[in-house]
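> My structure file query_20.csv, CSV, C-alpha atoms, is below:
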chain,number,residue,atom,x,y,z
A,1424,MET,CA,29.8,-79.1,38.0
A,1425,ALA,CA,31.1,-78.2,41.4
A,1426,THR,CA,29.2,-75.6,43.4
A,1427,SER,CA,30.8,-72.8,45.3
A,1428,ALA,CA,30.7,-75.0,48.4
A,1429,ASP,CA,32.7,-77.7,46.6
A,1430,ARG,CA,35.4,-75.4,45.2
A,1431,SER,CA,38.6,-74.5,47.1
A,1432,ARG,CA,39.1,-71.3,45.1
A,1433,PRO,CA,36.4,-68.8,44.1
A,1434,ASN,CA,35.3,-67.9,40.6
A,1435,ILE,CA,34.9,-64.2,39.6
A,1436,LEU,CA,33.2,-62.7,36.6
A,1437,ILE,CA,34.3,-59.2,35.5
A,1438,THR,CA,32.0,-57.8,32.9
A,1439,GLY,CA,31.1,-54.4,31.4
A,1440,THR,CA,30.8,-52.4,28.2
A,1441,PRO,CA,33.9,-52.5,26.0
A,1442,GLY,CA,36.4,-49.8,27.1
A,1443,THR,CA,35.4,-49.8,30.8
A,1444,GLY,CA,38.6,-51.5,32.1
A,1445,LYS,CA,37.6,-55.2,32.2
A,1446,SER,CA,40.8,-56.6,30.6
A,1447,ILE,CA,43.2,-54.7,32.8
A,1448,THR,CA,41.2,-55.3,35.9
A,1449,SER,CA,40.7,-59.0,35.4
A,1450,SER,CA,44.3,-59.5,34.4
A,1451,GLU,CA,45.6,-57.6,37.5
A,1452,VAL,CA,43.2,-59.5,39.8
A,1453,ALA,CA,44.2,-62.9,38.4
A,1454,SER,CA,47.9,-62.0,38.9
A,1455,ALA,CA,47.4,-60.6,42.4
A,1456,CYS,CA,45.3,-63.5,43.6
A,1457,ASP,CA,47.2,-66.3,41.7
A,1458,MET,CA,44.1,-67.2,39.7
A,1459,LYS,CA,43.6,-68.1,36.1
A,1460,HIS,CA,42.5,-65.3,33.8
A,1461,ILE,CA,40.0,-66.4,31.1
A,1462,ASP,CA,39.3,-63.8,28.4
A,1463,ILE,CA,36.3,-65.1,26.6
A,1464,GLY,CA,37.1,-63.2,23.4
A,1465,VAL,CA,40.6,-64.7,23.3
A,1466,VAL,CA,39.3,-68.2,24.1
A,1467,ALA,CA,36.6,-67.9,21.4
A,1468,LYS,CA,39.2,-66.8,18.8
A,1469,GLU,CA,41.7,-69.5,19.7
A,1470,ARG,CA,39.0,-72.3,19.7
A,1471,GLU,CA,36.9,-70.8,16.9
A,1472,LEU,CA,33.8,-70.6,19.0
A,1473,TYR,CA,31.8,-68.4,16.6
A,1474,THR,CA,28.6,-68.8,14.7
A,1475,GLU,CA,29.0,-66.1,12.1
A,1476,TYR,CA,30.6,-62.8,11.3
A,1477,ASP,CA,28.6,-59.6,11.9
A,1478,GLN,CA,29.4,-57.2,9.1
A,1479,GLU,CA,27.6,-54.3,10.7
A,1480,TYR,CA,29.8,-54.4,13.8
A,1481,SER,CA,32.9,-55.9,12.1
A,1482,CYS,CA,33.2,-58.7,14.6
A,1483,PRO,CA,32.4,-62.4,15.0
A,1484,VAL,CA,29.3,-63.6,16.8
A,1485,LEU,CA,30.0,-65.8,19.8
A,1486,ASP,CA,28.6,-69.3,20.0
A,1487,GLU,CA,27.6,-69.1,23.6
A,1488,ASP,CA,26.6,-72.7,24.0
A,1489,ARG,CA,30.0,-73.9,22.7
A,1490,VAL,CA,31.7,-71.5,25.1
A,1491,ILE,CA,29.9,-73.0,28.0
A,1492,ASP,CA,30.7,-76.5,26.8
A,1493,GLU,CA,34.3,-75.7,26.3
A,1494,LEU,CA,34.9,-74.1,29.7
A,1495,GLU,CA,32.6,-76.1,32.0
A,1496,ASP,CA,35.3,-78.4,33.4
A,1497,GLU,CA,37.9,-75.6,33.6
A,1498,VAL,CA,35.6,-73.3,35.5
A,1499,SER,CA,34.3,-76.0,37.8
A,1500,GLU,CA,37.8,-76.4,39.3
A,1501,GLY,CA,37.5,-72.9,40.6
A,1502,GLY,CA,40.2,-70.2,40.8
A,1503,VAL,CA,39.3,-68.4,37.6
A,1504,VAL,CA,38.6,-64.8,36.7
A,1505,VAL,CA,36.4,-64.7,33.6
A,1506,GLU,CA,36.2,-61.6,31.5
A,1507,TYR,CA,33.6,-60.7,28.9
A,1508,HIS,CA,31.4,-57.8,27.8
A,1509,GLY,CA,28.2,-59.8,28.3
A,1510,CYS,CA,27.1,-62.0,31.1
A,1511,ASN,CA,23.6,-63.4,30.8
A,1512,PHE,CA,24.6,-66.6,29.1
A,1513,PHE,CA,27.0,-67.9,31.8
A,1514,PRO,CA,25.5,-70.3,34.3
A,1515,GLU,CA,24.8,-68.7,37.6
A,1516,ARG,CA,26.5,-71.5,39.4
A,1517,TRP,CA,29.8,-70.6,37.8
A,1518,PHE,CA,30.5,-67.5,39.8
A,1519,ASP,CA,30.8,-66.5,43.5
A,1520,ILE,CA,30.9,-62.8,42.7
A,1521,VAL,CA,30.3,-60.6,39.7
A,1522,PHE,CA,31.9,-57.2,39.1
A,1523,VAL,CA,30.6,-54.7,36.5
A,1524,THR,CA,33.1,-52.1,35.4
A,1525,ARG,CA,31.6,-48.7,34.6
A,1526,THR,CA,33.2,-45.6,33.1
A,1527,ASP,CA,32.2,-42.0,32.6
A,1528,ASN,CA,30.6,-41.6,29.1
A,1529,THR,CA,33.0,-38.9,27.9
A,1530,LEU,CA,36.0,-41.0,28.9
A,1531,LEU,CA,34.5,-44.1,27.4
A,1532,TYR,CA,33.8,-42.3,24.1
A,1533,ASN,CA,37.5,-41.2,23.9
A,1534,ARG,CA,38.7,-44.7,24.8
A,1535,LEU,CA,36.5,-46.4,22.1
A,1536,GLU,CA,37.3,-43.8,19.5
A,1537,ALA,CA,41.1,-44.4,20.2
A,1538,ARG,CA,40.4,-48.1,19.5
A,1539,GLY,CA,39.0,-47.3,16.1
A,1540,TYR,CA,35.3,-47.6,17.0
A,1541,THR,CA,33.1,-45.5,14.7
A,1542,GLY,CA,29.5,-45.1,13.6
A,1543,LYS,CA,26.9,-47.5,15.0
A,1544,LYS,CA,29.5,-49.6,16.9
A,1545,LEU,CA,30.7,-46.5,18.8
A,1546,SER,CA,27.2,-45.1,19.5
A,1547,ASP,CA,25.7,-48.4,20.5
A,1548,ASN,CA,28.5,-49.1,23.0
A,1549,ILE,CA,28.1,-45.6,24.5
A,1550,GLU,CA,24.3,-46.1,24.7
A,1551,CYS,CA,25.0,-49.4,26.4
A,1552,GLU,CA,26.9,-47.6,29.1
A,1553,ILE,CA,24.5,-44.7,29.4
A,1554,PHE,CA,21.5,-47.1,29.9
A,1555,GLN,CA,23.5,-49.4,32.2
A,1556,THR,CA,22.7,-52.4,29.9
A,1557,ILE,CA,25.5,-54.7,31.3
A,1558,LEU,CA,24.8,-53.8,34.9
A,1559,GLU,CA,21.1,-54.5,34.4
A,1560,GLU,CA,21.9,-57.8,32.6
A,1561,ALA,CA,24.1,-58.8,35.6
A,1562,ARG,CA,21.4,-57.9,38.1
A,1563,GLU,CA,18.9,-60.0,36.1
A,1564,SER,CA,21.2,-63.0,35.7
A,1565,TYR,CA,22.7,-63.3,39.2
A,1566,ALA,CA,21.7,-63.0,42.8
A,1567,GLU,CA,21.6,-59.3,43.8
A,1568,GLU,CA,24.1,-59.8,46.6
A,1569,ILE,CA,26.9,-61.0,44.4
A,1570,VAL,CA,26.7,-58.2,41.7
A,1571,HIS,CA,28.9,-55.1,42.4
A,1572,GLU,CA,29.7,-52.0,40.4
A,1573,LEU,CA,33.3,-50.8,39.9
A,1574,GLN,CA,33.9,-47.2,38.7
A,1575,SER,CA,36.9,-47.4,36.3
A,1576,ASP,CA,37.7,-43.9,35.2
A,1577,THR,CA,41.3,-43.4,36.5
A,1578,PRO,CA,44.4,-45.4,37.2
A,1579,GLU,CA,43.8,-44.8,41.0
A,1580,GLN,CA,40.3,-46.4,40.7
A,1581,LEU,CA,41.8,-49.3,38.9
A,1582,VAL,CA,44.3,-49.9,41.7
A,1583,SER,CA,41.5,-49.5,44.2
A,1584,ASN,CA,39.3,-52.0,42.3
A,1585,VAL,CA,42.0,-54.6,42.2
A,1586,GLU,CA,42.7,-54.2,45.9
A,1587,ARG,CA,38.9,-54.5,46.7
A,1588,ILE,CA,38.6,-57.7,44.7
A,1589,SER,CA,41.8,-59.1,46.1
A,1590,GLN,CA,40.5,-58.4,49.6
A,1591,TRP,CA,37.2,-60.2,48.7
A,1592,VAL,CA,39.2,-63.2,47.5
A,1593,GLN,CA,41.2,-63.4,50.7
A,1594,ALA,CA,38.0,-63.1,52.8
A,1595,TRP,CA,36.4,-65.9,50.7
A,1596,LEU,CA,39.4,-68.1,51.2
A,1597,SER,CA,39.5,-67.4,54.9
A,1598,SER,CA,35.9,-68.4,55.3
A,1599,ARG,CA,36.6,-71.9,54.0
Once you've parsed the file, please lay out its structure as structure tokens.


Amino acid sequence: MATSADRSRPNILITGTPGTGKSITSSEVASACDMKHIDIGVVAKERELYTEYDQEYSCPVLDEDRVIDELEDEVSEGGVVVEYHGCNFFPERWFDIVFVTRTDNTLLYNRLEARGYTGKKLSDNIECEIFQTILEEARESYAEEIVHELQSDTPEQLVSNVERISQWVQAWLSSR
């Protein structure tokens, strides 16, 4: 696996609680920076990278080891924006920077409810955001200096976040 020093393009992880703007942010960043967008949920579905189906949450359970095996070569080439609502199973060497999207709890509740989240799935995701679960997971999994929070409440913040990440990519490329 190539290290950051070996890659000609950076790798970015955008993570956060469902409903905090990961998908739109990662898609826009990939487009703006001419990078490949890898949505782990989509890849897992296309390649059937699941271990079982969780009835309580009405979703499949990701086979994290198979995800890593499937994507190792692709990520090692560099130039990817990886998106997923978890981050502690990805190898630290994969990413040059990690962004955690965050959203006001009231806004998040409304977004998730509009997606059809109810009951335990809805309350657990809101609690995840309240307790900063994904942010703490990122801080425990990666070097402190590469983990950054992005507030994602408004369209203006989305635009600002994409600009901020794009500027970081340009700085990374210029430093090579």

> Please provide the set of residues having any atom within 8 Å of Phe1522 in chain A, restricted to only C-alpha atoms, with same-chain residues fewer than 3 positions apart removed, written as a list in words.

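Listing them by chain and then by number gives Ile1435, Leu1436, Ile1437, Thr1438, Val1570, His1571, Glu1572 and Leu1573 of chain A.
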
> Quick one: of A:Gly1539, A:Gly1502, A:Gly1509, A:Pro1483, who's nearest to Gly1439 in chain A, counting only C-alpha atoms?

A:Gly1509

> Which is closer to Ser1589 in chain A than all the others in A:Thr1440, A:Cys1456, A:Lys1468, A:Glu1506, using all atoms listed in the file?

A:Cys1456

> Neighbouring residues of Glu1451 in chain A were defined as those with any atom within 10 Å, considering only C-alpha atoms; residues of the same chain fewer than 4 positions away were excluded. Please report them as number ranges by chain.

A: 1445-1447, 1455-1458, 1460, 1581-1582, 1584-1586, 1589

> Between CA of Val1466 in chain A and CA of Val1490 in chain A, what is the distance, to one decimal in Å?

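Taking CA of Val1466 in chain A and CA of Val1490 in chain A, their separation equals 8.3 Å.
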
> Using all atoms listed in the file for the distances, tell me which of A:Glu1559, A:Val1504, A:Asp1486, A:Ile1463 is nearest to Arg1525 in chain A.

A:Glu1559

> Might you pull out every residue within 10 Å of Arg1562 in chain A, with only C-alpha atoms counted and same-chain residues fewer than 6 positions away left off, and present them as a PyMOL selection string?

chain A and resi 1510-1511+1521+1523+1556+1568-1571

> Return the padded bounding box of range 1537-1544 of chain A as AutoDock Vina command-line options: axis-aligned, built from all atoms listed in the file, 8 Å added on each side, with centre and edge lengths in Å to one decimal.


--center_x 34.0 --center_y -47.0 --center_z 16.9 --size_x 30.2 --size_y 21.2 --size_z 22.6

> Return the single residue from A:Gly1464, A:Tyr1565, A:Ser1598, A:Arg1470 that is closest to Ile1520 in chain A, with distances computed using all atoms listed in the file.

A:Tyr1565

> Find the distance between CA of Pro1578 in chain A and CA of Glu1560 in chain A and write it in Å to one decimal.

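Calculated distance between CA of Pro1578 in chain A and CA of Glu1560 in chain A is 26.1 Å.
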
> Tell me, in Å to one decimal, how far CA of Ser1575 in chain A is from CA of Val1592 in chain A.

19.5 Å

> Could you check the closest approach to Asn1533 in chain A for each of A:Gln1590, A:Thr1443, A:Ser1454, A:Ser1427 and tell me which residue wins, using all atoms listed in the file?

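Checking each of A:Gln1590, A:Thr1443, A:Ser1454, A:Ser1427 against Asn1533 in chain A, counting all atoms listed in the file, the winner is A:Thr1443.
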
> From the list A:Tyr1480, A:Trp1595, A:Tyr1473, A:Trp1517, which residue is nearest Glu1500 in chain A when using all atoms listed in the file?

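Distance minimum relative to Glu1500 in chain A lands on A:Trp1517.
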
> I want to know what sits within 9 Å of Phe1513 in chain A, based on all atoms listed in the file, with residues of the same chain fewer than 5 positions away left out; could you give that as a compact mmCIF listing (two decimals) with C-alpha atoms, in the frame of the given file?


# COMPACT_ATOMS: atom_id res chain seq x y z
CA GLU A 1487 27.60 -69.10 23.60
CA VAL A 1490 31.70 -71.50 25.10
CA ILE A 1491 29.90 -73.00 28.00
CA PHE A 1518 30.50 -67.50 39.80
CA SER A 1564 21.20 -63.00 35.70

> Complete range 1516-1531 of chain A at the level of N, CA, C and O atoms, written as a compact mmCIF listing (two decimals), in the frame of the given file.


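Saved as selection-v5.txt:
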# COMPACT_ATOMS: atom_id res chain seq x y z
N ARG A 1516 25.71 -70.73 38.47
CA ARG A 1516 26.50 -71.50 39.40
C ARG A 1516 28.02 -71.35 39.20
O ARG A 1516 28.80 -71.72 40.06
N TRP A 1517 28.41 -70.77 38.08
CA TRP A 1517 29.80 -70.60 37.80
C TRP A 1517 30.51 -69.60 38.73
O TRP A 1517 31.70 -69.71 39.00
N PHE A 1518 29.78 -68.58 39.19
CA PHE A 1518 30.50 -67.50 39.80
C PHE A 1518 30.03 -67.24 41.27
O PHE A 1518 28.86 -67.36 41.62
N ASP A 1519 31.03 -66.87 42.06
CA ASP A 1519 30.80 -66.50 43.50
C ASP A 1519 30.57 -65.02 43.62
O ASP A 1519 29.97 -64.60 44.60
N ILE A 1520 31.05 -64.25 42.66
CA ILE A 1520 30.90 -62.80 42.70
C ILE A 1520 30.99 -62.28 41.26
O ILE A 1520 31.71 -62.87 40.43
N VAL A 1521 30.29 -61.18 40.99
CA VAL A 1521 30.30 -60.60 39.70
C VAL A 1521 30.57 -59.07 39.84
O VAL A 1521 29.92 -58.39 40.64
N PHE A 1522 31.54 -58.58 39.08
CA PHE A 1522 31.90 -57.20 39.10
C PHE A 1522 31.58 -56.58 37.71
O PHE A 1522 32.00 -57.14 36.69
N VAL A 1523 30.88 -55.45 37.70
CA VAL A 1523 30.60 -54.70 36.50
C VAL A 1523 31.37 -53.46 36.44
O VAL A 1523 31.17 -52.59 37.30
N THR A 1524 32.29 -53.34 35.47
CA THR A 1524 33.10 -52.10 35.40
C THR A 1524 32.26 -51.04 34.67
O THR A 1524 31.54 -51.31 33.72
N ARG A 1525 32.38 -49.83 35.16
CA ARG A 1525 31.60 -48.70 34.60
C ARG A 1525 32.60 -47.55 34.38
O ARG A 1525 33.59 -47.40 35.11
N THR A 1526 32.30 -46.72 33.40
CA THR A 1526 33.20 -45.60 33.10
C THR A 1526 32.33 -44.39 32.64
O THR A 1526 31.29 -44.55 32.00
N ASP A 1527 32.80 -43.21 33.00
CA ASP A 1527 32.20 -42.00 32.60
C ASP A 1527 32.06 -41.99 31.05
O ASP A 1527 32.99 -42.39 30.34
N ASN A 1528 30.91 -41.54 30.55
CA ASN A 1528 30.60 -41.60 29.10
C ASN A 1528 31.61 -40.87 28.23
O ASN A 1528 31.94 -41.32 27.14
N THR A 1529 32.04 -39.71 28.68
CA THR A 1529 33.00 -38.90 27.90
C THR A 1529 34.33 -39.68 27.80
O THR A 1529 34.93 -39.79 26.72
N LEU A 1530 34.79 -40.20 28.91
CA LEU A 1530 36.00 -41.00 28.90
C LEU A 1530 35.87 -42.23 28.02
O LEU A 1530 36.77 -42.59 27.27
N LEU A 1531 34.73 -42.89 28.15
CA LEU A 1531 34.50 -44.10 27.40
C LEU A 1531 34.48 -43.78 25.87
O LEU A 1531 35.08 -44.51 25.08
